[in-house]
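Everything on this sheet refers to the single structure shown next.
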Amino acid sequence: MKVTVVGAGAVGASCAEYIAIKDFASEVVLLDIKEGYAEGKAMDLMQTASLNGFDTKITGITNDYSKTANSDVCVITSGIPRKPGMTREELIGINAGIVKTVSSNLIEFSPETIIIVVSNPMDTMAYLVHKSTSLPKNKIIGMGGALDSARFKYRLAEALQGPISDVDGMVIGGHSDTGMIPLTRLATRNGVPVSEFLSAERLNEVLEATKVGGATLTKLLGTSAWYAPGAAVSAMVQAIACDTKKVFPCSALLEGEYGFNDICLGVPVVLGKNGIEEIVKITLNDAEKATMQESAKGVKAVNDLL
Ligand code: NAI
């Protein structure tokens, strides 16, 4: 399994590190436009191999896409991150150009690849890759829900004052502060609905904290987060590489599913060797359906800026 990660910045390097530590890929190529940057990150990471016990070979390259040839999976993290007070949508001007060029360069050398889009505004960037390339829809996957769900579980465990491993929950919808939908109704602690343990008011606090999870970190860090985004991408790459058929909420092109068309939106999908193996249909109640409509409206408004 060869994985290319474009953008050797905070998220790209973190993603490469987690992929290497899990040791399921033979090769990770880190590519960046900044001269020497990916080479430096790759060398630093390779010098952790004997300490962390992995055999994955990590190489760094400056903008030479021929070295990415025949990648099974390509991850696009190139672009600018938001600063405190900014929304993800404000990044569209710069990131759309970058994502379009990068995806076309990647496909030139890896026509069969699966692309995971991370750059923000992610749902719109995933949609742009669909519109500007001829890759089939199962091979273009946006990463947002996997991260937002991890943040949701963190907040749920905090409220329950128990271990995160006891908690399950999913965030669907658009990857934005206003668009994401933490499904509190379906969240569980060891299979029991969390509403058995938490008041409606406390659950609402969890929901709100989840929605601003990225913004909270951006304020603390001065830039957007990288550990959890990197871990979320690596978990998705692993599901594809190892054909695990695990379910992750991902931004997928919808053609009628959940009542939407011509939009990339966060829905649960089965990930395996073909990328998106299946879009999972969960039954939403009327309130959740209405929130999903609003979320889709927000994503479409950003798509219209392309
Ligand atoms: P960063 O600034 O640390 O890294 C971005 C890297 O992309 C830089 O090293 C830059 O040199 C490189 N780059 C820029 N243009 C390029 C090009 N044309 N070709 C190759 N490399 C290029 O930013 P960070 O924090 O890694 O974030 C990357 C992106 O991921 C941002 O758009 C951010 O908003 C997004 N993000 C998305 C998340 C999600 O859940 N979907 C979570 C976290 C970040």
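Labels used: A, B, ... for chains in the order of the structure tokens, numbers from 1 for residues in each chain, and numbers from 1 for ligands as shown.
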
### Task
Just the helix (DSSP H, G or I) stuff from segment 29-271 of chain A, please, per backbone DSSP, written as an MDAnalysis selection string.
chainID A and resid 37:46 49:52 65:68 88:109 122:132 137:139 145:160 164:166 184:186 194:196 200:211 213:221 227:241 257:259

Residue subset to file, keeping C-alpha atoms, as a compact mmCIF listing (two decimals), in the first residue's frame:
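Result written to out-v5.txt:
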```
# COMPACT_ATOMS: atom_id res chain seq x y z
CA TYR A 37 9.90 21.10 3.81
CA ALA A 38 8.48 17.64 3.05
CA GLU A 39 12.01 16.20 2.84
CA GLY A 40 12.73 17.57 6.32
CA LYS A 41 9.46 16.28 7.82
CA ALA A 42 10.00 12.85 6.22
CA MET A 43 13.57 12.59 7.50
CA ASP A 44 12.52 13.61 11.01
CA LEU A 45 9.70 11.04 10.96
CA MET A 46 12.01 8.28 9.63
CA ALA A 49 11.13 4.51 13.11
CA SER A 50 13.55 2.60 15.32
CA LEU A 51 12.05 4.25 18.42
CA ASN A 52 8.41 3.70 17.49
CA TYR A 65 4.36 14.34 -8.68
CA SER A 66 6.14 11.59 -10.63
CA LYS A 67 7.33 10.28 -7.24
CA THR A 68 3.71 9.80 -6.18
CA ARG A 88 -13.72 27.31 7.29
CA GLU A 89 -15.73 28.84 4.43
CA GLU A 90 -13.46 31.89 4.30
CA LEU A 91 -10.61 29.68 3.01
CA ILE A 92 -12.34 28.87 -0.27
CA GLY A 93 -10.63 31.50 -2.44
CA ILE A 94 -7.11 30.17 -1.97
CA ASN A 95 -7.82 26.51 -1.26
CA ALA A 96 -10.07 25.85 -4.29
CA GLY A 97 -7.23 26.66 -6.69
CA ILE A 98 -4.78 24.53 -4.72
CA VAL A 99 -7.10 21.52 -4.41
CA LYS A 100 -8.00 21.59 -8.12
CA THR A 101 -4.35 21.65 -9.26
CA VAL A 102 -3.21 19.10 -6.70
CA SER A 103 -5.96 16.57 -7.50
CA SER A 104 -5.31 16.78 -11.23
CA ASN A 105 -1.53 16.29 -10.67
CA LEU A 106 -2.18 13.29 -8.42
CA ILE A 107 -4.54 11.60 -10.88
CA GLU A 108 -2.09 12.09 -13.76
CA PHE A 109 0.35 9.73 -12.01
CA MET A 122 -13.90 20.35 3.05
CA ASP A 123 -17.39 19.42 1.71
CA THR A 124 -16.98 21.99 -1.06
CA MET A 125 -13.40 20.88 -1.78
CA ALA A 126 -14.58 17.26 -2.10
CA TYR A 127 -17.35 18.44 -4.44
CA LEU A 128 -14.75 20.36 -6.48
CA VAL A 129 -12.68 17.20 -6.90
CA HIS A 130 -15.81 15.40 -8.16
CA LYS A 131 -16.56 18.21 -10.60
CA SER A 132 -13.02 18.67 -11.90
CA LYS A 137 -17.72 8.78 -6.80
CA ASN A 138 -16.66 5.93 -4.50
CA LYS A 139 -13.04 7.13 -4.81
CA GLY A 145 -17.29 13.45 10.27
CA ALA A 146 -14.61 11.06 11.56
CA LEU A 147 -12.94 13.98 13.34
CA ASP A 148 -16.19 15.61 14.50
CA SER A 149 -17.41 12.25 15.86
CA ALA A 150 -14.15 11.80 17.80
CA ARG A 151 -14.69 15.25 19.29
CA PHE A 152 -18.31 14.36 20.08
CA LYS A 153 -17.18 11.20 21.92
CA TYR A 154 -14.61 13.22 23.84
CA ARG A 155 -17.30 15.66 24.99
CA LEU A 156 -19.75 12.84 25.80
CA ALA A 157 -17.17 11.01 27.93
CA GLU A 158 -16.34 14.28 29.68
CA ALA A 159 -20.02 14.83 30.53
CA LEU A 160 -20.45 11.20 31.63
CA ILE A 164 -14.17 7.37 25.97
CA SER A 165 -14.04 3.69 24.94
CA ASP A 166 -17.47 3.17 26.55
CA THR A 184 -27.34 12.91 20.41
CA ARG A 185 -30.46 10.73 20.09
CA LEU A 186 -28.38 7.79 18.82
CA VAL A 194 -26.78 8.55 26.77
CA SER A 195 -30.09 10.30 27.51
CA GLU A 196 -30.43 7.73 30.34
CA ALA A 200 -31.46 17.22 27.96
CA GLU A 201 -29.72 20.43 29.03
CA ARG A 202 -26.35 18.68 29.55
CA LEU A 203 -26.71 16.86 26.23
CA ASN A 204 -27.35 20.15 24.52
CA GLU A 205 -24.14 21.53 26.04
CA VAL A 206 -22.27 18.51 24.64
CA LEU A 207 -23.83 19.15 21.23
CA GLU A 208 -22.83 22.83 21.23
CA ALA A 209 -19.27 22.11 22.46
CA THR A 210 -18.88 19.54 19.67
CA LYS A 211 -20.02 21.95 16.99
CA GLY A 213 -14.78 21.91 18.69
CA GLY A 214 -12.53 23.13 15.87
CA ALA A 215 -13.03 26.82 16.68
CA THR A 216 -12.24 26.22 20.38
CA LEU A 217 -8.90 24.67 19.43
CA THR A 218 -8.14 27.35 16.84
CA LYS A 219 -8.57 29.97 19.54
CA LEU A 220 -6.27 28.10 21.93
CA LEU A 221 -3.61 27.20 19.35
CA TYR A 227 -3.43 15.56 16.13
CA ALA A 228 -7.09 14.53 15.93
CA PRO A 229 -7.40 15.47 12.22
CA GLY A 230 -4.27 13.42 11.45
CA ALA A 231 -5.56 10.48 13.50
CA ALA A 232 -8.96 10.65 11.78
CA VAL A 233 -7.41 10.54 8.31
CA SER A 234 -5.07 7.70 9.26
CA ALA A 235 -8.02 5.66 10.62
CA MET A 236 -9.82 6.12 7.28
CA VAL A 237 -6.70 5.20 5.27
CA GLN A 238 -6.29 2.10 7.45
CA ALA A 239 -9.90 1.04 6.83
CA ILE A 240 -9.26 1.29 3.08
CA ALA A 241 -5.81 -0.35 3.18
CA GLU A 257 -29.45 9.33 -0.67
CA TYR A 258 -31.04 11.15 2.28
CA GLY A 259 -33.06 13.07 -0.34
```

### Task
Dump the neighbourhood of ligand 1 as a list in words: all residues within 6 Å, distances computed on only C-alpha atoms and all ligand atoms.
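Written in the requested form, the residues are Val6, Gly7, Ala8, Gly9, Ala10, Val11, Gly12, Asp32, Ile33, Lys34, Thr77, Ser78, Gly79, Ile80, Pro81, Arg82, Ile98, Val118, Ser119, Asn120, Met122, Met143, Gly144, Leu147, Ser224, Ala225, Trp226 and Pro229 of chain A.
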
### Task
Go through A:Ala16, A:Val247, A:Ile76, A:Ile116 one by one, measure the shortest atom-to-atom distance of each to Thr56 of chain A using only C-alpha atoms, and give the residue with the smallest value.
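Smallest separation from Thr56 of chain A among the options: A:Ala16.
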
### Query
Suppose you want the space between atom CA of Ala13 of chain A and atom CA of Thr48 of chain A; what is it in Å?
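Going from atom CA of Ala13 of chain A over to atom CA of Thr48 of chain A, I get 13.0 Å.
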
### Message
as a list in words, please: every residue in segment 71-240 of chain A that a backbone DSSP assignment puts in strand (DSSP E).
### Response
Val73, Cys74, Val75, Ile76, Ile114, Ile115, Ile116, Val117, Ile140, Ile141, Gly142, Val167, Asp168, Val171, Ile172, Gly173, Met180, Ile181, Pro182, Thr188, Arg189, Val192 and Pro193 of chain A

### Message
Please determine, counting only C-alpha atoms, which residue among A:Val29, A:Met170, A:Ile61, A:Val302 has the shortest atom-to-atom distance to Ile282 of chain A.
### Response
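When distances to Ile282 of chain A are compared using only C-alpha atoms, the smallest one comes from A:Met170.
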
#### Entry: All residues 8 Å or closer to Thr188 of chain A, only C-alpha atoms, same chain fewer than 3 positions away omitted, as a list in words
Val167, Asp168, Gly169, Gly191, Val192, Pro193 and Val194 of chain A

### Query
Out of A:Ile140, A:Ala301, A:Ala287, A:Leu306, which residue has the shortest atom-to-atom distance to Leu271 of chain A when counting only C-alpha atoms?
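For Leu271 of chain A, the nearest of the candidates is A:Ile140.
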